[in-house]
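Source file coords03.cif; content: mmCIF, N, CA and C atoms.
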```
data_structure
#
loop_
_atom_site.group_PDB
_atom_site.id
_atom_site.type_symbol
_atom_site.label_atom_id
_atom_site.label_comp_id
_atom_site.auth_asym_id
_atom_site.auth_seq_id
_atom_site.Cartn_x
_atom_site.Cartn_y
_atom_site.Cartn_z
ATOM 1 N N MET A 285 101.524 158.777 78.622
ATOM 2 C CA MET A 285 102.444 158.284 79.617
ATOM 3 C C MET A 285 101.859 157.091 80.366
ATOM 4 N N ALA A 286 100.592 157.153 80.718
ATOM 5 C CA ALA A 286 99.927 156.069 81.428
ATOM 6 C C ALA A 286 99.900 154.804 80.567
ATOM 7 N N GLU A 287 99.771 155.027 79.244
ATOM 8 C CA GLU A 287 99.774 153.887 78.333
ATOM 9 C C GLU A 287 101.117 153.158 78.365
ATOM 10 N N ILE A 288 102.173 153.911 78.387
ATOM 11 C CA ILE A 288 103.520 153.327 78.407
ATOM 12 C C ILE A 288 103.739 152.567 79.715
ATOM 13 N N ILE A 289 103.315 153.150 80.826
ATOM 14 C CA ILE A 289 103.472 152.491 82.122
ATOM 15 C C ILE A 289 102.643 151.201 82.146
ATOM 16 N N GLY A 290 101.419 151.258 81.612
ATOM 17 C CA GLY A 290 100.569 150.071 81.547
ATOM 18 C C GLY A 290 101.204 148.985 80.695
ATOM 19 N N THR A 291 101.793 149.369 79.577
ATOM 20 C CA THR A 291 102.467 148.414 78.699
ATOM 21 C C THR A 291 103.672 147.788 79.395
ATOM 22 N N ILE A 292 104.422 148.610 80.111
ATOM 23 C CA ILE A 292 105.595 148.116 80.837
ATOM 24 C C ILE A 292 105.162 147.141 81.930
ATOM 25 N N ILE A 293 104.102 147.484 82.656
ATOM 26 C CA ILE A 293 103.610 146.610 83.728
ATOM 27 C C ILE A 293 103.139 145.274 83.141
ATOM 28 N N CYS A 294 102.409 145.329 82.030
ATOM 29 C CA CYS A 294 101.957 144.092 81.382
ATOM 30 C C CYS A 294 103.149 143.247 80.926
ATOM 31 N N ALA A 295 104.174 143.901 80.386
ATOM 32 C CA ALA A 295 105.364 143.182 79.940
ATOM 33 C C ALA A 295 106.090 142.544 81.129
ATOM 34 N N LEU A 296 106.164 143.269 82.242
ATOM 35 C CA LEU A 296 106.807 142.726 83.443
ATOM 36 C C LEU A 296 106.033 141.523 83.985
ATOM 37 N N ILE A 297 104.709 141.624 84.006
ATOM 38 C CA ILE A 297 103.892 140.518 84.486
ATOM 39 C C ILE A 297 104.067 139.297 83.577
ATOM 40 N N ALA A 298 104.059 139.510 82.260
ATOM 41 C CA ALA A 298 104.243 138.408 81.316
ATOM 42 C C ALA A 298 105.630 137.780 81.473
ATOM 43 N N SER A 299 106.635 138.613 81.659
ATOM 44 C CA SER A 299 108.005 138.106 81.851
ATOM 45 C C SER A 299 108.115 137.302 83.134
ATOM 46 N N ALA A 300 107.545 137.821 84.209
ATOM 47 C CA ALA A 300 107.592 137.114 85.490
ATOM 48 C C ALA A 300 106.864 135.770 85.377
ATOM 49 N N SER A 301 105.745 135.773 84.680
ATOM 50 C CA SER A 301 105.000 134.520 84.491
ATOM 51 C C SER A 301 105.823 133.521 83.691
ATOM 52 N N ALA A 302 106.459 133.968 82.633
ATOM 53 C CA ALA A 302 107.277 133.081 81.803
ATOM 54 C C ALA A 302 108.448 132.523 82.598
ATOM 55 N N ILE A 303 109.084 133.348 83.395
ATOM 56 C CA ILE A 303 110.207 132.900 84.218
ATOM 57 C C ILE A 303 109.727 131.881 85.255
ATOM 58 N N THR A 304 108.597 132.146 85.880
ATOM 59 C CA THR A 304 108.041 131.227 86.878
ATOM 60 C C THR A 304 107.736 129.871 86.256
ATOM 61 N N VAL A 305 107.112 129.879 85.092
ATOM 62 C CA VAL A 305 106.802 128.626 84.397
ATOM 63 C C VAL A 305 108.086 127.881 84.042
ATOM 64 N N ALA A 306 109.098 128.601 83.587
ATOM 65 C CA ALA A 306 110.373 127.962 83.232
ATOM 66 C C ALA A 306 111.027 127.323 84.457
ATOM 67 N N VAL A 307 110.984 128.004 85.588
ATOM 68 C CA VAL A 307 111.573 127.464 86.817
ATOM 69 C C VAL A 307 110.812 126.217 87.265
ATOM 70 N N ILE A 308 109.491 126.288 87.231
ATOM 71 C CA ILE A 308 108.675 125.141 87.632
ATOM 72 C C ILE A 308 108.934 123.950 86.708
ATOM 73 N N GLU A 309 108.993 124.188 85.419
ATOM 74 C CA GLU A 309 109.245 123.111 84.458
ATOM 75 C C GLU A 309 110.631 122.501 84.662
ATOM 76 N N ASN A 310 111.610 123.334 84.955
ATOM 77 C CA ASN A 310 112.967 122.846 85.208
ATOM 78 C C ASN A 310 112.986 121.919 86.416
ATOM 79 N N ARG A 311 112.335 122.337 87.495
ATOM 80 C CA ARG A 311 112.276 121.496 88.696
ATOM 81 C C ARG A 311 111.547 120.180 88.412
ATOM 82 N N ALA A 312 110.442 120.270 87.694
ATOM 83 C CA ALA A 312 109.674 119.069 87.372
ATOM 84 C C ALA A 312 110.507 118.104 86.522
ATOM 85 N N ALA A 313 111.269 118.639 85.579
ATOM 86 C CA ALA A 313 112.111 117.795 84.728
ATOM 87 C C ALA A 313 113.182 117.097 85.560
ATOM 88 N N ARG A 314 113.788 117.811 86.499
ATOM 89 C CA ARG A 314 114.799 117.195 87.368
ATOM 90 C C ARG A 314 114.182 116.104 88.236
ATOM 91 N N GLU A 315 112.980 116.365 88.759
ATOM 92 C CA GLU A 315 112.311 115.364 89.581
ATOM 93 C C GLU A 315 111.950 114.127 88.757
ATOM 94 N N ARG A 316 111.512 114.328 87.511
ATOM 95 C CA ARG A 316 111.205 113.194 86.637
ATOM 96 C C ARG A 316 112.461 112.376 86.363
ATOM 97 N N ASP A 317 113.569 113.060 86.111
ATOM 98 C CA ASP A 317 114.833 112.352 85.867
ATOM 99 C C ASP A 317 115.254 111.551 87.096
ATOM 100 N N SER A 318 115.135 112.157 88.269
ATOM 101 C CA SER A 318 115.496 111.456 89.506
ATOM 102 C C SER A 318 114.599 110.242 89.728
ATOM 103 N N ALA A 319 113.314 110.410 89.491
ATOM 104 C CA ALA A 319 112.377 109.295 89.664
ATOM 105 C C ALA A 319 112.689 108.172 88.680
ATOM 106 N N LYS A 320 113.040 108.535 87.453
ATOM 107 C CA LYS A 320 113.379 107.528 86.450
ATOM 108 C C LYS A 320 114.632 106.764 86.855
ATOM 109 N N LYS A 321 115.642 107.475 87.345
ATOM 110 C CA LYS A 321 116.876 106.816 87.779
ATOM 111 C C LYS A 321 116.618 105.889 88.959
ATOM 112 N N ARG A 322 115.790 106.346 89.926
ATOM 113 C CA ARG A 322 115.461 105.486 91.067
ATOM 114 C C ARG A 322 114.730 104.233 90.610
ATOM 115 N N ALA A 323 113.799 104.398 89.673
ATOM 116 C CA ALA A 323 113.046 103.250 89.167
ATOM 117 C C ALA A 323 113.968 102.265 88.456
ATOM 118 N N GLU A 324 114.926 102.768 87.692
ATOM 119 C CA GLU A 324 115.880 101.892 87.010
ATOM 120 C C GLU A 324 116.738 101.136 88.009
ATOM 121 N N ARG A 325 117.162 101.829 89.083
ATOM 122 C CA ARG A 325 117.970 101.168 90.102
ATOM 123 C C ARG A 325 117.160 100.108 90.840
ATOM 124 N N ARG A 326 115.897 100.416 91.148
ATOM 125 C CA ARG A 326 115.037 99.427 91.812
ATOM 126 C C ARG A 326 114.805 98.223 90.911
ATOM 127 N N ALA A 327 114.609 98.466 89.621
ATOM 128 C CA ALA A 327 114.382 97.363 88.686
ATOM 129 C C ALA A 327 115.614 96.462 88.611
ATOM 130 N N LYS A 328 116.801 97.071 88.579
ATOM 131 C CA LYS A 328 118.023 96.271 88.530
ATOM 132 C C LYS A 328 118.182 95.457 89.809
ATOM 133 N N GLU A 329 117.898 96.068 90.946
ATOM 134 C CA GLU A 329 117.994 95.355 92.210
ATOM 135 C C GLU A 329 117.007 94.201 92.249
ATOM 136 N N SER A 330 115.819 94.402 91.728
ATOM 137 C CA SER A 330 114.813 93.336 91.691
ATOM 138 C C SER A 330 115.268 92.179 90.820
ATOM 139 N N ARG A 331 115.847 92.507 89.653
ATOM 140 C CA ARG A 331 116.349 91.442 88.781
ATOM 141 C C ARG A 331 117.463 90.652 89.469
ATOM 142 N N LEU A 332 118.375 91.360 90.129
ATOM 143 C CA LEU A 332 119.462 90.683 90.828
ATOM 144 C C LEU A 332 118.942 89.832 91.976
ATOM 145 N N ALA A 333 117.965 90.341 92.706
ATOM 146 C CA ALA A 333 117.378 89.582 93.812
ATOM 147 C C ALA A 333 116.680 88.326 93.289
ATOM 148 N N MET A 334 116.002 88.455 92.155
ATOM 149 C CA MET A 334 115.359 87.278 91.566
ATOM 150 C C MET A 334 116.400 86.252 91.136
ATOM 151 N N ASP A 335 117.511 86.717 90.568
ATOM 152 C CA ASP A 335 118.591 85.795 90.191
ATOM 153 C C ASP A 335 119.130 85.061 91.423
ATOM 154 N N LEU A 336 119.302 85.816 92.529
ATOM 155 C CA LEU A 336 119.773 85.186 93.762
ATOM 156 C C LEU A 336 118.782 84.142 94.265
ATOM 157 N N MET A 337 117.507 84.480 94.252
ATOM 158 C CA MET A 337 116.494 83.534 94.721
ATOM 159 C C MET A 337 116.447 82.292 93.827
ATOM 160 N N TYR A 338 116.516 82.504 92.528
ATOM 161 C CA TYR A 338 116.490 81.379 91.590
ATOM 162 C C TYR A 338 117.680 80.453 91.834
ATOM 163 N N ALA A 339 118.860 81.049 92.010
ATOM 164 C CA ALA A 339 120.062 80.252 92.252
ATOM 165 C C ALA A 339 119.960 79.511 93.578
ATOM 166 N N ALA A 340 119.443 80.184 94.596
ATOM 167 C CA ALA A 340 119.314 79.551 95.908
ATOM 168 C C ALA A 340 118.326 78.388 95.876
ATOM 169 N N VAL A 341 117.213 78.564 95.174
ATOM 170 C CA VAL A 341 116.224 77.497 95.079
ATOM 171 C C VAL A 341 116.800 76.306 94.313
ATOM 172 N N GLY A 342 117.474 76.574 93.209
ATOM 173 C CA GLY A 342 118.080 75.485 92.438
ATOM 174 C C GLY A 342 119.103 74.726 93.253
ATOM 175 N N LEU A 343 119.924 75.473 93.962
ATOM 176 C CA LEU A 343 120.957 74.837 94.786
ATOM 177 C C LEU A 343 120.327 74.025 95.911
ATOM 178 N N SER A 344 119.325 74.574 96.559
ATOM 179 C CA SER A 344 118.715 73.842 97.672
ATOM 180 C C SER A 344 117.961 72.606 97.188
ATOM 181 N N MET A 345 117.309 72.699 96.049
ATOM 182 C CA MET A 345 116.591 71.532 95.520
ATOM 183 C C MET A 345 117.561 70.422 95.138
ATOM 184 N N ASP A 346 118.649 70.788 94.467
ATOM 185 C CA ASP A 346 119.627 69.765 94.085
ATOM 186 C C ASP A 346 120.371 69.214 95.293
ATOM 187 N N THR A 347 120.588 70.050 96.309
ATOM 188 C CA THR A 347 121.221 69.571 97.540
ATOM 189 C C THR A 347 120.319 68.552 98.233
ATOM 190 N N ALA A 348 119.034 68.886 98.301
ATOM 191 C CA ALA A 348 118.091 67.954 98.926
ATOM 192 C C ALA A 348 118.037 66.643 98.147
ATOM 193 N N LYS A 349 118.037 66.740 96.821
ATOM 194 C CA LYS A 349 118.013 65.533 95.987
ATOM 195 C C LYS A 349 119.282 64.701 96.213
ATOM 196 N N ALA A 350 120.434 65.393 96.276
ATOM 197 C CA ALA A 350 121.702 64.690 96.488
ATOM 198 C C ALA A 350 121.723 64.010 97.848
ATOM 199 N N MET A 351 121.206 64.685 98.857
ATOM 200 C CA MET A 351 121.180 64.082 100.198
ATOM 201 C C MET A 351 120.243 62.872 100.216
ATOM 202 N N LYS A 352 119.142 62.995 99.520
ATOM 203 C CA LYS A 352 118.176 61.897 99.477
ATOM 204 C C LYS A 352 118.766 60.673 98.780
ATOM 205 N N GLU A 353 119.485 60.939 97.670
ATOM 206 C CA GLU A 353 120.062 59.839 96.898
ATOM 207 C C GLU A 353 121.419 59.386 97.427
ATOM 208 N N GLY A 354 122.033 60.198 98.263
ATOM 209 C CA GLY A 354 123.311 59.825 98.850
ATOM 210 C C GLY A 354 124.520 60.158 97.993
ATOM 211 N N HIS A 355 124.356 60.828 96.837
ATOM 212 C CA HIS A 355 125.485 61.224 95.996
ATOM 213 C C HIS A 355 125.056 62.411 95.134
ATOM 214 N N THR A 356 126.056 63.145 94.643
ATOM 215 C CA THR A 356 125.739 64.377 93.915
ATOM 216 C C THR A 356 125.618 64.186 92.416
ATOM 217 N N ASN A 357 126.331 63.257 91.851
ATOM 218 C CA ASN A 357 126.341 63.053 90.393
ATOM 219 C C ASN A 357 126.704 64.331 89.635
ATOM 220 N N GLY A 358 127.393 65.233 90.275
ATOM 221 C CA GLY A 358 127.822 66.465 89.607
ATOM 222 C C GLY A 358 126.721 67.478 89.397
ATOM 223 N N THR A 359 125.544 67.251 89.940
ATOM 224 C CA THR A 359 124.424 68.173 89.711
ATOM 225 C C THR A 359 124.585 69.493 90.445
ATOM 226 N N LEU A 360 125.393 69.509 91.483
ATOM 227 C CA LEU A 360 125.545 70.729 92.272
ATOM 228 C C LEU A 360 126.509 71.735 91.654
ATOM 229 N N GLU A 361 127.383 71.283 90.782
ATOM 230 C CA GLU A 361 128.404 72.184 90.224
ATOM 231 C C GLU A 361 127.787 73.375 89.485
ATOM 232 N N GLY A 362 126.828 73.102 88.627
ATOM 233 C CA GLY A 362 126.175 74.189 87.886
ATOM 234 C C GLY A 362 125.424 75.128 88.806
ATOM 235 N N ASP A 363 124.767 74.564 89.819
ATOM 236 C CA ASP A 363 124.033 75.385 90.780
ATOM 237 C C ASP A 363 124.978 76.240 91.611
ATOM 238 N N LEU A 364 126.102 75.662 91.999
ATOM 239 C CA LEU A 364 127.090 76.439 92.759
ATOM 240 C C LEU A 364 127.624 77.603 91.927
ATOM 241 N N GLU A 365 127.890 77.333 90.667
ATOM 242 C CA GLU A 365 128.397 78.393 89.782
ATOM 243 C C GLU A 365 127.348 79.500 89.607
ATOM 244 N N SER A 366 126.092 79.107 89.433
ATOM 245 C CA SER A 366 125.010 80.098 89.310
ATOM 246 C C SER A 366 124.890 80.934 90.573
ATOM 247 N N ALA A 367 124.981 80.279 91.721
ATOM 248 C CA ALA A 367 124.879 80.988 92.992
ATOM 249 C C ALA A 367 126.049 81.962 93.163
ATOM 250 N N LYS A 368 127.258 81.518 92.805
ATOM 251 C CA LYS A 368 128.430 82.397 92.913
ATOM 252 C C LYS A 368 128.292 83.607 91.995
ATOM 253 N N ASN A 369 127.847 83.374 90.765
ATOM 254 C CA ASN A 369 127.685 84.477 89.814
ATOM 255 C C ASN A 369 126.612 85.466 90.269
ATOM 256 N N ALA A 370 125.494 84.943 90.758
ATOM 257 C CA ALA A 370 124.414 85.807 91.224
ATOM 258 C C ALA A 370 124.870 86.625 92.430
ATOM 259 N N ARG A 371 125.594 85.982 93.330
ATOM 260 C CA ARG A 371 126.091 86.690 94.514
ATOM 261 C C ARG A 371 127.093 87.776 94.127
ATOM 262 N N ALA A 372 127.995 87.452 93.215
ATOM 263 C CA ALA A 372 128.989 88.438 92.774
ATOM 264 C C ALA A 372 128.316 89.632 92.095
ATOM 265 N N ALA A 373 127.318 89.373 91.266
ATOM 266 C CA ALA A 373 126.607 90.469 90.596
ATOM 267 C C ALA A 373 125.889 91.341 91.607
ATOM 268 N N TYR A 374 125.263 90.724 92.601
ATOM 269 C CA TYR A 374 124.543 91.496 93.621
ATOM 270 C C TYR A 374 125.514 92.315 94.467
ATOM 271 N N GLU A 375 126.625 91.714 94.852
ATOM 272 C CA GLU A 375 127.624 92.437 95.648
ATOM 273 C C GLU A 375 128.209 93.608 94.860
ATOM 274 N N SER A 376 128.436 93.418 93.582
ATOM 275 C CA SER A 376 128.933 94.497 92.737
ATOM 276 C C SER A 376 127.927 95.640 92.687
ATOM 277 N N TRP A 377 126.660 95.294 92.537
ATOM 278 C CA TRP A 377 125.604 96.314 92.518
ATOM 279 C C TRP A 377 125.559 97.051 93.858
ATOM 280 N N LEU A 378 125.690 96.312 94.967
ATOM 281 C CA LEU A 378 125.681 96.957 96.282
ATOM 282 C C LEU A 378 126.836 97.938 96.437
ATOM 283 N N ARG A 379 128.015 97.546 95.951
ATOM 284 C CA ARG A 379 129.169 98.463 96.011
ATOM 285 C C ARG A 379 128.908 99.721 95.199
ATOM 286 N N ASP A 380 128.317 99.549 94.011
ATOM 287 C CA ASP A 380 127.988 100.705 93.177
ATOM 288 C C ASP A 380 127.004 101.630 93.889
ATOM 289 N N GLU A 381 125.988 101.040 94.504
ATOM 290 C CA GLU A 381 124.987 101.836 95.219
ATOM 291 C C GLU A 381 125.620 102.552 96.413
ATOM 292 N N ALA A 382 126.509 101.874 97.117
ATOM 293 C CA ALA A 382 127.194 102.506 98.250
ATOM 294 C C ALA A 382 128.043 103.676 97.772
ATOM 295 N N ALA A 383 128.716 103.514 96.652
ATOM 296 C CA ALA A 383 129.526 104.601 96.110
ATOM 297 C C ALA A 383 128.661 105.791 95.727
ATOM 298 N N ILE A 384 127.506 105.522 95.161
ATOM 299 C CA ILE A 384 126.575 106.602 94.805
ATOM 300 C C ILE A 384 126.104 107.319 96.055
ATOM 301 N N ALA A 385 125.768 106.546 97.095
ATOM 302 C CA ALA A 385 125.289 107.143 98.340
ATOM 303 C C ALA A 385 126.368 107.992 99.002
ATOM 304 N N VAL A 386 127.602 107.508 99.008
ATOM 305 C CA VAL A 386 128.707 108.257 99.599
ATOM 306 C C VAL A 386 128.985 109.532 98.799
ATOM 307 N N ALA A 387 128.875 109.446 97.493
ATOM 308 C CA ALA A 387 129.143 110.611 96.658
ATOM 309 C C ALA A 387 128.118 111.718 96.875
ATOM 310 N N LYS A 388 126.894 111.357 97.274
ATOM 311 C CA LYS A 388 125.843 112.346 97.505
ATOM 312 C C LYS A 388 126.050 113.109 98.800
ATOM 313 N N VAL A 389 126.787 112.522 99.742
ATOM 314 C CA VAL A 389 126.970 113.144 101.056
ATOM 315 C C VAL A 389 127.877 114.307 100.996
#
```
How does the structure come out when it is put into structure tokens?
Amino acid sequence: MAEIIGTIICALIASASAITVAVIENRAARERDSAKKRAERRAKESRLAMDLMYAAVGLSMDTAKAMKEGHTNGTLEGDLESAKNARAAYESWLRDEAAIAVAKV
């Protein structure tokens, strides 16, 4: 009888250990997924911010050149379009992020 009780206790301990490990692994997997998603969102925001900075620098350099020369020669059109596109992409990303934040609440 003592042997059976000992076997049952060992089986219960092994089962509890297996369940504990499974729960810990599940939580760790969810945390890894969340961290990966946050990193992807940060990377996208960084790319968009770099696009905005690049467009702003191009526009400001060509504006300064146009002011110095007294005419634009059409050089600002491409820069304006780049700036508009970069701004629209960033604003779209911000709306998406706001929607995600609101959905979590």
Can you spell out as a PyMOL selection string the set of residues that the PyMOL selection byres ((chain A and resi 370-385) around 8) selects in the structure I just provided? chain A and resi 328-329+332-333+335-337+339+364-369+386-389
Quick one: write out the picked residues with N, CA and C atoms as an mmCIF file, in the coordinates of the input?
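Okay, this is what ended up in part.cif:
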```cif
data_model
loop_
_atom_site.group_PDB
_atom_site.id
_atom_site.type_symbol
_atom_site.label_atom_id
_atom_site.label_comp_id
_atom_site.auth_asym_id
_atom_site.auth_seq_id
_atom_site.Cartn_x
_atom_site.Cartn_y
_atom_site.Cartn_z
ATOM 1 N N LYS A 328 116.801 97.071 88.579
ATOM 2 C CA LYS A 328 118.023 96.271 88.530
ATOM 3 C C LYS A 328 118.182 95.457 89.809
ATOM 4 N N GLU A 329 117.898 96.068 90.946
ATOM 5 C CA GLU A 329 117.994 95.355 92.210
ATOM 6 C C GLU A 329 117.007 94.201 92.249
ATOM 7 N N LEU A 332 118.375 91.360 90.129
ATOM 8 C CA LEU A 332 119.462 90.683 90.828
ATOM 9 C C LEU A 332 118.942 89.832 91.976
ATOM 10 N N ALA A 333 117.965 90.341 92.706
ATOM 11 C CA ALA A 333 117.378 89.582 93.812
ATOM 12 C C ALA A 333 116.680 88.326 93.289
ATOM 13 N N ASP A 335 117.511 86.717 90.568
ATOM 14 C CA ASP A 335 118.591 85.795 90.191
ATOM 15 C C ASP A 335 119.130 85.061 91.423
ATOM 16 N N LEU A 336 119.302 85.816 92.529
ATOM 17 C CA LEU A 336 119.773 85.186 93.762
ATOM 18 C C LEU A 336 118.782 84.142 94.265
ATOM 19 N N MET A 337 117.507 84.480 94.252
ATOM 20 C CA MET A 337 116.494 83.534 94.721
ATOM 21 C C MET A 337 116.447 82.292 93.827
ATOM 22 N N ALA A 339 118.860 81.049 92.010
ATOM 23 C CA ALA A 339 120.062 80.252 92.252
ATOM 24 C C ALA A 339 119.960 79.511 93.578
ATOM 25 N N LEU A 364 126.102 75.662 91.999
ATOM 26 C CA LEU A 364 127.090 76.439 92.759
ATOM 27 C C LEU A 364 127.624 77.603 91.927
ATOM 28 N N GLU A 365 127.890 77.333 90.667
ATOM 29 C CA GLU A 365 128.397 78.393 89.782
ATOM 30 C C GLU A 365 127.348 79.500 89.607
ATOM 31 N N SER A 366 126.092 79.107 89.433
ATOM 32 C CA SER A 366 125.010 80.098 89.310
ATOM 33 C C SER A 366 124.890 80.934 90.573
ATOM 34 N N ALA A 367 124.981 80.279 91.721
ATOM 35 C CA ALA A 367 124.879 80.988 92.992
ATOM 36 C C ALA A 367 126.049 81.962 93.163
ATOM 37 N N LYS A 368 127.258 81.518 92.805
ATOM 38 C CA LYS A 368 128.430 82.397 92.913
ATOM 39 C C LYS A 368 128.292 83.607 91.995
ATOM 40 N N ASN A 369 127.847 83.374 90.765
ATOM 41 C CA ASN A 369 127.685 84.477 89.814
ATOM 42 C C ASN A 369 126.612 85.466 90.269
ATOM 43 N N VAL A 386 127.602 107.508 99.008
ATOM 44 C CA VAL A 386 128.707 108.257 99.599
ATOM 45 C C VAL A 386 128.985 109.532 98.799
ATOM 46 N N ALA A 387 128.875 109.446 97.493
ATOM 47 C CA ALA A 387 129.143 110.611 96.658
ATOM 48 C C ALA A 387 128.118 111.718 96.875
ATOM 49 N N LYS A 388 126.894 111.357 97.274
ATOM 50 C CA LYS A 388 125.843 112.346 97.505
ATOM 51 C C LYS A 388 126.050 113.109 98.800
ATOM 52 N N VAL A 389 126.787 112.522 99.742
ATOM 53 C CA VAL A 389 126.970 113.144 101.056
ATOM 54 C C VAL A 389 127.877 114.307 100.996
#
```
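The two atoms in question, atom N of Asp363 of chain A and atom CA of Ala327 of chain A, are spaced 25.1 Å apart.
Relative to atom CA of Arg322 of chain A, atom N of Ala340 of chain A is found at 25.9 Å.
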Straight-line distance linking atom N of Val307 of chain A with atom N of Ala295 of chain A, stated in Å to one decimal: 18.1 Å
